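Student: Once you've had a glance at the structure underneath, I'll fire off some questions.
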Amino acid sequence: MEKQVTQKLTEILRKGTQSEFEECFERAFELTKAYASSANAQASAIPFVFEKLFELFVTGKTGG
């Protein structure tokens, strides 16, 4: 994950810190929950799915 994206995620997770990327976090989290509850979900892929979705919503692209 790019340093900028990591920094934005850290901002959101810190208590009391407002971030313009909270909506990105919420969207990525909701989509990841939907994936995790599907019958085809692989437990080891769940963190990767969240990371890539958050990166996509923050930057408009994924790292690769």
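Going through the structure tokens in order, the chains are called A, B, and so on, while each chain numbers its residues from 1 and the ligands are numbered from 1 in the order shown.
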Just list as a PyMOL selection string whatever in chain A DSSP marks as alpha helix (DSSP H).

Tutor: chain A and resi 3-13+22-36+46-59

Student: Could those residues be written to a file, using N, CA, C and O atoms, as a compact mmCIF listing (two decimals), in the first residue's frame?

Tutor:
```txt
# COMPACT_ATOMS: atom_id res chain seq x y z
N LYS A 3 2.43 4.89 0.70
CA LYS A 3 2.59 5.60 1.96
C LYS A 3 1.43 6.57 2.21
O LYS A 3 0.93 6.67 3.33
N GLN A 4 0.99 7.26 1.19
CA GLN A 4 -0.12 8.21 1.33
C GLN A 4 -1.39 7.50 1.77
O GLN A 4 -2.08 7.97 2.67
N VAL A 5 -1.69 6.37 1.19
CA VAL A 5 -2.89 5.62 1.54
C VAL A 5 -2.77 5.09 2.96
O VAL A 5 -3.74 5.14 3.74
N THR A 6 -1.61 4.61 3.32
CA THR A 6 -1.38 4.12 4.68
C THR A 6 -1.59 5.24 5.69
O THR A 6 -2.21 5.04 6.74
N GLN A 7 -1.11 6.42 5.38
CA GLN A 7 -1.26 7.57 6.27
C GLN A 7 -2.74 7.93 6.43
O GLN A 7 -3.20 8.21 7.54
N LYS A 8 -3.51 7.90 5.36
CA LYS A 8 -4.93 8.22 5.43
C LYS A 8 -5.68 7.20 6.28
O LYS A 8 -6.55 7.55 7.07
N LEU A 9 -5.34 5.92 6.12
CA LEU A 9 -5.97 4.88 6.91
C LEU A 9 -5.65 5.05 8.38
O LEU A 9 -6.52 4.94 9.25
N THR A 10 -4.41 5.39 8.70
CA THR A 10 -4.01 5.63 10.08
C THR A 10 -4.78 6.81 10.67
O THR A 10 -5.22 6.75 11.82
N GLU A 11 -4.98 7.87 9.90
CA GLU A 11 -5.74 9.03 10.37
C GLU A 11 -7.16 8.63 10.77
O GLU A 11 -7.68 9.08 11.78
N ILE A 12 -7.78 7.81 9.96
CA ILE A 12 -9.15 7.39 10.20
C ILE A 12 -9.25 6.53 11.45
O ILE A 12 -10.18 6.66 12.25
N LEU A 13 -8.29 5.65 11.65
CA LEU A 13 -8.35 4.72 12.76
C LEU A 13 -8.02 5.36 14.11
O LEU A 13 -8.38 4.81 15.15
N GLU A 22 -13.00 9.28 5.45
CA GLU A 22 -13.84 8.39 6.25
C GLU A 22 -14.86 7.65 5.39
O GLU A 22 -15.14 6.48 5.62
N GLU A 23 -15.41 8.33 4.40
CA GLU A 23 -16.37 7.68 3.52
C GLU A 23 -15.70 6.55 2.73
O GLU A 23 -16.30 5.50 2.53
N CYS A 24 -14.46 6.75 2.30
CA CYS A 24 -13.72 5.70 1.60
C CYS A 24 -13.56 4.49 2.50
O CYS A 24 -13.73 3.34 2.06
N PHE A 25 -13.22 4.74 3.76
CA PHE A 25 -13.06 3.66 4.73
C PHE A 25 -14.37 2.91 4.90
O PHE A 25 -14.40 1.67 4.86
N GLU A 26 -15.47 3.64 5.08
CA GLU A 26 -16.77 3.01 5.30
C GLU A 26 -17.20 2.18 4.09
O GLU A 26 -17.71 1.06 4.25
N ARG A 27 -16.99 2.70 2.90
CA ARG A 27 -17.37 1.96 1.69
C ARG A 27 -16.53 0.69 1.54
O ARG A 27 -17.06 -0.38 1.23
N ALA A 28 -15.23 0.82 1.77
CA ALA A 28 -14.35 -0.35 1.67
C ALA A 28 -14.71 -1.38 2.73
O ALA A 28 -14.73 -2.59 2.46
N PHE A 29 -15.02 -0.92 3.94
CA PHE A 29 -15.37 -1.82 5.03
C PHE A 29 -16.67 -2.57 4.72
O PHE A 29 -16.75 -3.79 4.91
N GLU A 30 -17.67 -1.87 4.23
CA GLU A 30 -18.96 -2.50 3.92
C GLU A 30 -18.81 -3.53 2.80
O GLU A 30 -19.38 -4.62 2.87
N LEU A 31 -18.05 -3.20 1.77
CA LEU A 31 -17.85 -4.15 0.68
C LEU A 31 -17.03 -5.36 1.13
O LEU A 31 -17.29 -6.49 0.71
N THR A 32 -16.06 -5.12 2.02
CA THR A 32 -15.27 -6.22 2.54
C THR A 32 -16.13 -7.13 3.41
O THR A 32 -16.00 -8.36 3.33
N LYS A 33 -17.02 -6.56 4.19
CA LYS A 33 -17.94 -7.38 5.00
C LYS A 33 -18.82 -8.23 4.10
O LYS A 33 -19.07 -9.40 4.40
N ALA A 34 -19.30 -7.66 3.01
CA ALA A 34 -20.13 -8.42 2.07
C ALA A 34 -19.33 -9.58 1.48
O ALA A 34 -19.84 -10.70 1.37
N TYR A 35 -18.09 -9.32 1.10
CA TYR A 35 -17.24 -10.39 0.57
C TYR A 35 -17.00 -11.46 1.63
O TYR A 35 -17.11 -12.66 1.36
N ALA A 36 -16.69 -11.04 2.85
CA ALA A 36 -16.37 -11.99 3.91
C ALA A 36 -17.56 -12.89 4.25
O ALA A 36 -17.37 -14.04 4.65
N ILE A 46 -9.29 -11.67 2.88
CA ILE A 46 -10.12 -10.58 3.39
C ILE A 46 -9.32 -9.31 3.66
O ILE A 46 -9.72 -8.23 3.21
N PRO A 47 -8.17 -9.36 4.35
CA PRO A 47 -7.40 -8.12 4.56
C PRO A 47 -6.93 -7.49 3.24
O PRO A 47 -6.94 -6.27 3.09
N PHE A 48 -6.55 -8.32 2.30
CA PHE A 48 -6.09 -7.84 0.99
C PHE A 48 -7.24 -7.14 0.26
O PHE A 48 -7.03 -6.08 -0.35
N VAL A 49 -8.43 -7.72 0.34
CA VAL A 49 -9.60 -7.12 -0.31
C VAL A 49 -9.87 -5.73 0.27
O VAL A 49 -10.06 -4.77 -0.46
N PHE A 50 -9.84 -5.63 1.61
CA PHE A 50 -10.06 -4.33 2.23
C PHE A 50 -9.00 -3.33 1.80
O PHE A 50 -9.30 -2.19 1.44
N GLU A 51 -7.75 -3.74 1.84
CA GLU A 51 -6.64 -2.85 1.48
C GLU A 51 -6.81 -2.31 0.06
O GLU A 51 -6.67 -1.11 -0.18
N LYS A 52 -7.11 -3.19 -0.87
CA LYS A 52 -7.23 -2.77 -2.27
C LYS A 52 -8.46 -1.90 -2.49
O LYS A 52 -8.41 -0.95 -3.28
N LEU A 53 -9.57 -2.21 -1.82
CA LEU A 53 -10.76 -1.37 -1.96
C LEU A 53 -10.51 0.02 -1.39
O LEU A 53 -10.87 1.02 -2.01
N PHE A 54 -9.89 0.10 -0.22
CA PHE A 54 -9.60 1.40 0.38
C PHE A 54 -8.68 2.20 -0.53
O PHE A 54 -8.92 3.38 -0.79
N GLU A 55 -7.66 1.55 -1.03
CA GLU A 55 -6.73 2.23 -1.94
C GLU A 55 -7.45 2.72 -3.19
O GLU A 55 -7.22 3.85 -3.65
N LEU A 56 -8.34 1.92 -3.72
CA LEU A 56 -9.11 2.31 -4.91
C LEU A 56 -9.96 3.54 -4.63
O LEU A 56 -9.99 4.48 -5.42
N PHE A 57 -10.65 3.55 -3.49
CA PHE A 57 -11.52 4.69 -3.18
C PHE A 57 -10.73 5.95 -2.84
O PHE A 57 -11.21 7.06 -3.11
N VAL A 58 -9.53 5.81 -2.31
CA VAL A 58 -8.72 6.99 -1.98
C VAL A 58 -8.04 7.56 -3.21
O VAL A 58 -8.06 8.77 -3.46
N THR A 59 -7.42 6.68 -4.01
CA THR A 59 -6.60 7.16 -5.11
C THR A 59 -7.26 7.04 -6.49
O THR A 59 -6.81 7.64 -7.45
```
